[in-house]
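What follows is the content of structure.pdb (PDB, C-alpha atoms, pLDDT in the B column).
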```
ATOM      1  CA  MET A   1     -26.769 -25.764  16.694  1.00 93.00           C
ATOM      2  CA  THR A   2     -26.461 -23.153  19.446  1.00 96.00           C
ATOM      3  CA  VAL A   3     -27.772 -19.653  20.103  1.00 97.00           C
ATOM      4  CA  GLU A   4     -24.250 -18.422  19.432  1.00 97.00           C
ATOM      5  CA  ASN A   5     -24.381 -20.053  15.941  1.00 96.00           C
ATOM      6  CA  LEU A   6     -27.725 -18.377  15.217  1.00 96.00           C
ATOM      7  CA  LEU A   7     -26.205 -14.994  16.021  1.00 96.00           C
ATOM      8  CA  ARG A   8     -22.785 -15.477  14.377  1.00 96.00           C
ATOM      9  CA  TRP A   9     -23.660 -17.273  11.131  1.00 96.00           C
ATOM     10  CA  PRO A  10     -25.518 -14.309   9.534  1.00 96.00           C
ATOM     11  CA  LEU A  11     -22.329 -12.257   9.984  1.00 94.00           C
ATOM     12  CA  GLU A  12     -20.843 -14.484   7.245  1.00 94.00           C
ATOM     13  CA  GLY A  13     -23.227 -13.005   4.680  1.00 93.00           C
ATOM     14  CA  GLU A  14     -25.744 -14.894   2.571  1.00 92.00           C
ATOM     15  CA  ALA A  15     -23.997 -18.258   3.059  1.00 95.00           C
ATOM     16  CA  GLY A  16     -24.228 -17.875   6.837  1.00 95.00           C
ATOM     17  CA  LYS A  17     -27.874 -16.826   6.683  1.00 94.00           C
ATOM     18  CA  SER A  18     -28.567 -19.909   4.566  1.00 94.00           C
ATOM     19  CA  LYS A  19     -26.992 -22.024   7.335  1.00 96.00           C
ATOM     20  CA  VAL A  20     -29.462 -20.499   9.820  1.00 96.00           C
ATOM     21  CA  ASP A  21     -32.420 -21.218   7.496  1.00 94.00           C
ATOM     22  CA  ALA A  22     -31.315 -24.826   6.935  1.00 94.00           C
ATOM     23  CA  ALA A  23     -30.708 -25.460  10.643  1.00 96.00           C
ATOM     24  CA  LEU A  24     -34.125 -24.076  11.626  1.00 96.00           C
ATOM     25  CA  ARG A  25     -35.828 -26.206   8.975  1.00 93.00           C
ATOM     26  CA  ARG A  26     -34.029 -29.281  10.373  1.00 94.00           C
ATOM     27  CA  ILE A  27     -35.045 -28.783  13.998  1.00 94.00           C
ATOM     28  CA  PHE A  28     -38.545 -27.332  13.590  1.00 94.00           C
ATOM     29  CA  GLU A  29     -41.531 -28.856  11.850  1.00 88.00           C
ATOM     30  CA  MET A  30     -42.009 -25.867   9.554  1.00 88.00           C
ATOM     31  CA  LYS A  31     -45.521 -25.192   8.288  1.00 88.00           C
ATOM     32  CA  PRO A  32     -45.945 -23.290   5.026  1.00 83.00           C
ATOM     33  CA  LEU A  33     -47.846 -20.006   5.218  1.00 84.00           C
ATOM     34  CA  GLN A  34     -48.866 -17.564   2.489  1.00 83.00           C
ATOM     35  CA  ALA A  35     -46.283 -15.858   0.256  1.00 81.00           C
ATOM     36  CA  ARG A  36     -43.422 -18.320   0.852  1.00 83.00           C
ATOM     37  CA  GLN A  37     -43.353 -17.914   4.618  1.00 81.00           C
ATOM     38  CA  PHE A  38     -42.714 -20.779   7.016  1.00 89.00           C
ATOM     39  CA  SER A  39     -43.406 -21.070  10.728  1.00 88.00           C
ATOM     40  CA  GLY A  40     -42.429 -23.585  13.372  1.00 89.00           C
ATOM     41  CA  ASP A  41     -43.484 -23.854  17.008  1.00 91.00           C
ATOM     42  CA  GLY A  42     -41.279 -25.019  19.874  1.00 89.00           C
ATOM     43  CA  PRO A  43     -40.082 -25.715  22.332  1.00 95.00           C
ATOM     44  CA  VAL A  44     -36.937 -27.006  20.637  1.00 95.00           C
ATOM     45  CA  LYS A  45     -33.834 -27.651  22.734  1.00 96.00           C
ATOM     46  CA  LEU A  46     -30.464 -26.780  21.185  1.00 96.00           C
ATOM     47  CA  SER A  47     -27.132 -28.520  21.778  1.00 96.00           C
ATOM     48  CA  ASP A  48     -26.079 -25.698  24.153  1.00 96.00           C
ATOM     49  CA  GLY A  49     -29.124 -26.400  26.375  1.00 96.00           C
ATOM     50  CA  ASN A  50     -30.995 -23.254  25.339  1.00 96.00           C
ATOM     51  CA  VAL A  51     -34.568 -23.509  24.078  1.00 97.00           C
ATOM     52  CA  LEU A  52     -36.211 -21.881  21.062  1.00 96.00           C
ATOM     53  CA  SER A  53     -39.936 -21.144  21.310  1.00 96.00           C
ATOM     54  CA  PHE A  54     -40.631 -20.508  17.605  1.00 95.00           C
ATOM     55  CA  ALA A  55     -39.053 -19.808  14.238  1.00 95.00           C
ATOM     56  CA  TRP A  56     -40.401 -17.868  11.255  1.00 94.00           C
ATOM     57  CA  ILE A  57     -38.734 -17.667   7.844  1.00 94.00           C
ATOM     58  CA  GLY A  58     -39.856 -15.186   5.190  1.00 91.00           C
ATOM     59  CA  GLU A  59     -38.265 -16.267   1.917  1.00 89.00           C
ATOM     60  CA  LEU A  60     -39.455 -13.234  -0.065  1.00 88.00           C
ATOM     61  CA  THR A  61     -38.392 -10.661   2.533  1.00 89.00           C
ATOM     62  CA  GLY A  62     -35.214 -12.441   3.622  1.00 90.00           C
ATOM     63  CA  GLN A  63     -36.238 -12.057   7.253  1.00 93.00           C
ATOM     64  CA  VAL A  64     -35.879 -14.689   9.978  1.00 95.00           C
ATOM     65  CA  ASP A  65     -37.448 -14.317  13.452  1.00 96.00           C
ATOM     66  CA  ILE A  66     -36.602 -16.688  16.305  1.00 97.00           C
ATOM     67  CA  GLY A  67     -38.097 -16.830  19.801  1.00 95.00           C
ATOM     68  CA  VAL A  68     -35.755 -17.685  22.668  1.00 96.00           C
ATOM     69  CA  ALA A  69     -37.220 -19.117  25.881  1.00 95.00           C
ATOM     70  CA  ALA A  70     -36.446 -17.369  29.182  1.00 89.00           C
ATOM     71  CA  GLU A  71     -35.206 -20.572  30.813  1.00 92.00           C
ATOM     72  CA  PRO A  72     -32.397 -21.239  30.613  1.00 93.00           C
ATOM     73  CA  CYS A  73     -31.532 -17.583  30.265  1.00 93.00           C
ATOM     74  CA  VAL A  74     -29.229 -16.412  27.467  1.00 95.00           C
ATOM     75  CA  SER A  75     -27.205 -13.452  28.739  1.00 94.00           C
ATOM     76  CA  PRO A  76     -27.596 -10.391  26.476  1.00 94.00           C
ATOM     77  CA  GLU A  77     -24.145  -9.174  27.487  1.00 94.00           C
ATOM     78  CA  ARG A  78     -22.548 -12.435  26.332  1.00 95.00           C
ATOM     79  CA  ALA A  79     -24.616 -12.442  23.124  1.00 96.00           C
ATOM     80  CA  ALA A  80     -23.545  -8.831  22.426  1.00 95.00           C
ATOM     81  CA  GLU A  81     -19.888  -9.856  22.822  1.00 96.00           C
ATOM     82  CA  TRP A  82     -20.323 -12.695  20.303  1.00 96.00           C
ATOM     83  CA  ILE A  83     -21.417 -10.314  17.547  1.00 95.00           C
ATOM     84  CA  GLY A  84     -20.247  -6.859  18.632  1.00 94.00           C
ATOM     85  CA  ALA A  85     -23.782  -5.506  19.010  1.00 93.00           C
ATOM     86  CA  GLN A  86     -24.804  -2.234  20.632  1.00 86.00           C
ATOM     87  CA  ALA A  87     -27.912  -1.832  22.831  1.00 84.00           C
ATOM     88  CA  ALA A  88     -30.763   0.648  22.937  1.00 78.00           C
ATOM     89  CA  ALA A  89     -33.852   0.588  25.185  1.00 70.00           C
ATOM     90  CA  ILE A  90     -37.174   0.121  23.373  1.00 72.00           C
ATOM     91  CA  GLU A  91     -40.393   1.884  24.287  1.00 68.00           C
ATOM     92  CA  ASP A  92     -43.666   1.438  22.430  1.00 65.00           C
ATOM     93  CA  ALA A  93     -45.885   4.333  21.322  1.00 69.00           C
ATOM     94  CA  HIS A  94     -47.408   4.464  24.809  1.00 70.00           C
ATOM     95  CA  GLY A  95     -44.076   4.718  26.628  1.00 71.00           C
ATOM     96  CA  GLN A  96     -44.139   1.102  27.820  1.00 72.00           C
ATOM     97  CA  ASP A  97     -40.772  -0.612  28.325  1.00 67.00           C
ATOM     98  CA  ARG A  98     -40.336  -3.366  25.702  1.00 72.00           C
ATOM     99  CA  GLY A  99     -36.801  -4.375  26.681  1.00 76.00           C
ATOM    100  CA  LYS A 100     -33.558  -3.621  24.896  1.00 86.00           C
ATOM    101  CA  ALA A 101     -32.599  -4.276  21.305  1.00 88.00           C
ATOM    102  CA  TYR A 102     -29.013  -5.071  20.389  1.00 93.00           C
ATOM    103  CA  ARG A 103     -28.071  -4.615  16.723  1.00 92.00           C
ATOM    104  CA  THR A 104     -25.161  -5.016  14.388  1.00 94.00           C
ATOM    105  CA  GLN A 105     -24.789  -5.103  10.620  1.00 93.00           C
ATOM    106  CA  ARG A 106     -22.269  -7.084   8.629  1.00 91.00           C
ATOM    107  CA  ASP A 107     -21.955  -8.674   5.190  1.00 92.00           C
ATOM    108  CA  GLY A 108     -25.407  -7.586   4.030  1.00 92.00           C
ATOM    109  CA  ASN A 109     -27.392  -8.611   7.125  1.00 94.00           C
ATOM    110  CA  TRP A 110     -28.754  -6.892  10.184  1.00 94.00           C
ATOM    111  CA  ILE A 111     -28.661  -9.111  13.267  1.00 95.00           C
ATOM    112  CA  GLU A 112     -30.804  -7.948  16.154  1.00 93.00           C
ATOM    113  CA  PHE A 113     -31.769  -9.552  19.416  1.00 94.00           C
ATOM    114  CA  THR A 114     -34.136  -8.270  22.058  1.00 91.00           C
ATOM    115  CA  THR A 115     -34.337  -8.782  25.798  1.00 91.00           C
ATOM    116  CA  THR A 116     -37.053  -9.300  28.343  1.00 84.00           C
ATOM    117  CA  PRO A 117     -38.719  -5.996  29.323  1.00 79.00           C
ATOM    118  CA  ALA A 118     -37.923  -4.288  32.634  1.00 74.00           C
ATOM    119  CA  THR A 119     -35.096  -6.633  33.719  1.00 80.00           C
ATOM    120  CA  TYR A 120     -33.198  -6.850  30.395  1.00 84.00           C
ATOM    121  CA  ARG A 121     -31.874 -10.089  31.881  1.00 91.00           C
ATOM    122  CA  CYS A 122     -32.430 -12.576  29.047  1.00 94.00           C
ATOM    123  CA  VAL A 123     -32.452 -12.670  25.264  1.00 95.00           C
ATOM    124  CA  ASP A 124     -36.050 -13.292  24.122  1.00 94.00           C
ATOM    125  CA  SER A 125     -35.834 -13.008  20.322  1.00 95.00           C
ATOM    126  CA  ILE A 126     -33.385 -13.011  17.439  1.00 96.00           C
ATOM    127  CA  ASN A 127     -34.189 -11.205  14.188  1.00 96.00           C
ATOM    128  CA  ILE A 128     -32.159 -11.417  10.993  1.00 96.00           C
ATOM    129  CA  TYR A 129     -32.970  -9.321   7.956  1.00 93.00           C
ATOM    130  CA  PRO A 130     -31.205  -7.981   4.878  1.00 93.00           C
ATOM    131  CA  ALA A 131     -29.422  -4.648   5.119  1.00 88.00           C
ATOM    132  CA  ARG A 132     -30.619  -4.032   1.554  1.00 75.00           C
ATOM    133  CA  PRO A 133     -33.972  -4.954   0.038  1.00 61.00           C
ATOM    134  CA  PRO A 134     -33.988  -8.482  -1.496  1.00 53.00           C
ATOM    135  CA  LYS A 135     -33.502  -8.716  -5.267  1.00 54.00           C
TER     136      LYS A 135
END
```

Produce structure tokens that represent the structure in this file.
Amino acid sequence: MTVENLLRWPLEGEAGKSKVDAALRRIFEMKPLQARQFSGDGPVKLSDGNVLSFAWIGELTGQVDIGVAAEPCVSPERAAEWIGAQAAAIEDAHGQDRGKAYRTQRDGNWIEFTTTPATYRCVDSINIYPARPPK
């Protein structure tokens, strides 16, 4: 599994998102939480050399959140090319820079990744969630 897989697979629809879920469950020791949620802590090194810091799967919501370690750095520009995502700067309610978010939607899923604040140099999280509410 690679960071590129984690970003591209959800673009294949529900089958691709299921591949992400299965891969995360294989590499993380997932702990069950309330309401069919599962969480795993890293670091976990992927076959491309990148490192994941955590994974969270919400079965009821259809959301998946993945932390990406800063070293080695995953280039947001390269990640955006992989999935055709567009960027927007994020500020919190107090005007603090929270990085950039890149988003795209395809085959029923939103795929978003965020970058480190201020420098926007590295991908620091990947978020996958349904474009429509789960059934």

In the coordinates of the file, take the point (-42.7, -16.9, 3.5) and a cut-off of 6 Å; then, counting all atoms listed in the file, name each qualifying protein, DNA or RNA residue as a PDB file with C-alpha atoms, keeping the file's coordinate frame.
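The result, written out as result-v8.pdb:
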```pdb
ATOM      1  CA  ALA A  35     -46.283 -15.858   0.256  1.00 81.00           C
ATOM      2  CA  ARG A  36     -43.422 -18.320   0.852  1.00 83.00           C
ATOM      3  CA  GLN A  37     -43.353 -17.914   4.618  1.00 81.00           C
ATOM      4  CA  PHE A  38     -42.714 -20.779   7.016  1.00 89.00           C
ATOM      5  CA  ILE A  57     -38.734 -17.667   7.844  1.00 94.00           C
ATOM      6  CA  GLY A  58     -39.856 -15.186   5.190  1.00 91.00           C
ATOM      7  CA  GLU A  59     -38.265 -16.267   1.917  1.00 89.00           C
TER       8      GLU A  59
END
```

Translate the PyMOL selection byres ((chain A and resi 2) around 8) into a concrete residue list for this structure, as a compact mmCIF listing (two decimals) with C-alpha atoms, in the coordinates of the input.
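New file result.txt:
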```
# COMPACT_ATOMS: atom_id res chain seq x y z
CA MET A 1 -26.77 -25.76 16.69
CA VAL A 3 -27.77 -19.65 20.10
CA GLU A 4 -24.25 -18.42 19.43
CA ASN A 5 -24.38 -20.05 15.94
CA LEU A 6 -27.72 -18.38 15.22
CA LEU A 46 -30.46 -26.78 21.18
CA SER A 47 -27.13 -28.52 21.78
CA ASP A 48 -26.08 -25.70 24.15
CA ASN A 50 -31.00 -23.25 25.34
```

Near stretch 105-128 of chain A, 6 Å: stretch 69-100 of chain A residue rows, closest pairs, only C-alpha atoms, as JSON lines:
```
{"residue": "A:Cys73", "atom": "CA", "partner": "A:Cys122", "partner_atom": "CA", "distance": 5.2}
{"residue": "A:Val74", "atom": "CA", "partner": "A:Cys122", "partner_atom": "CA", "distance": 5.2}
{"residue": "A:Ser75", "atom": "CA", "partner": "A:Cys122", "partner_atom": "CA", "distance": 5.3}
{"residue": "A:Pro76", "atom": "CA", "partner": "A:Val123", "partner_atom": "CA", "distance": 5.5}
{"residue": "A:Asp97", "atom": "CA", "partner": "A:Pro117", "partner_atom": "CA", "distance": 5.8}
{"residue": "A:Arg98", "atom": "CA", "partner": "A:Pro117", "partner_atom": "CA", "distance": 4.8}
{"residue": "A:Gly99", "atom": "CA", "partner": "A:Pro117", "partner_atom": "CA", "distance": 3.6}
{"residue": "A:Lys100", "atom": "CA", "partner": "A:Thr115", "partner_atom": "CA", "distance": 5.3}
```

Expand the PyMOL selection byres ((chain A and resi 66) around 8) into the individual residues it matches in the shown file, reporting them as a tab-separated table (two decimals) with C-alpha atoms, in the frame of the given file.
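Everything below was put into out.tsv:
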```
chain	number	residue	atom	x	y	z
A	52	LEU	CA	-36.21	-21.88	21.06
A	53	SER	CA	-39.94	-21.14	21.31
A	54	PHE	CA	-40.63	-20.51	17.60
A	55	ALA	CA	-39.05	-19.81	14.24
A	56	TRP	CA	-40.40	-17.87	11.26
A	64	VAL	CA	-35.88	-14.69	9.98
A	65	ASP	CA	-37.45	-14.32	13.45
A	67	GLY	CA	-38.10	-16.83	19.80
A	68	VAL	CA	-35.76	-17.68	22.67
A	125	SER	CA	-35.83	-13.01	20.32
A	126	ILE	CA	-33.38	-13.01	17.44
A	127	ASN	CA	-34.19	-11.20	14.19
```

Residues selected by the PyMOL selection byres ((chain A and resi 88) around 8), written as number ranges by chain:
A: 86-87, 89-90, 100-102

Just C-alpha atoms for this one: save the residues we selected as a short mmCIF file (atom, residue, chain, number, x, y, z; two decimals), in the coordinates of the input.
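Writing done, so here's result_23.cif:
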```
data_model
loop_
_atom_site.label_atom_id
_atom_site.label_comp_id
_atom_site.auth_asym_id
_atom_site.auth_seq_id
_atom_site.Cartn_x
_atom_site.Cartn_y
_atom_site.Cartn_z
CA GLN A 86 -24.80 -2.23 20.63
CA ALA A 87 -27.91 -1.83 22.83
CA ALA A 89 -33.85 0.59 25.18
CA ILE A 90 -37.17 0.12 23.37
CA LYS A 100 -33.56 -3.62 24.90
CA ALA A 101 -32.60 -4.28 21.30
CA TYR A 102 -29.01 -5.07 20.39
#
```
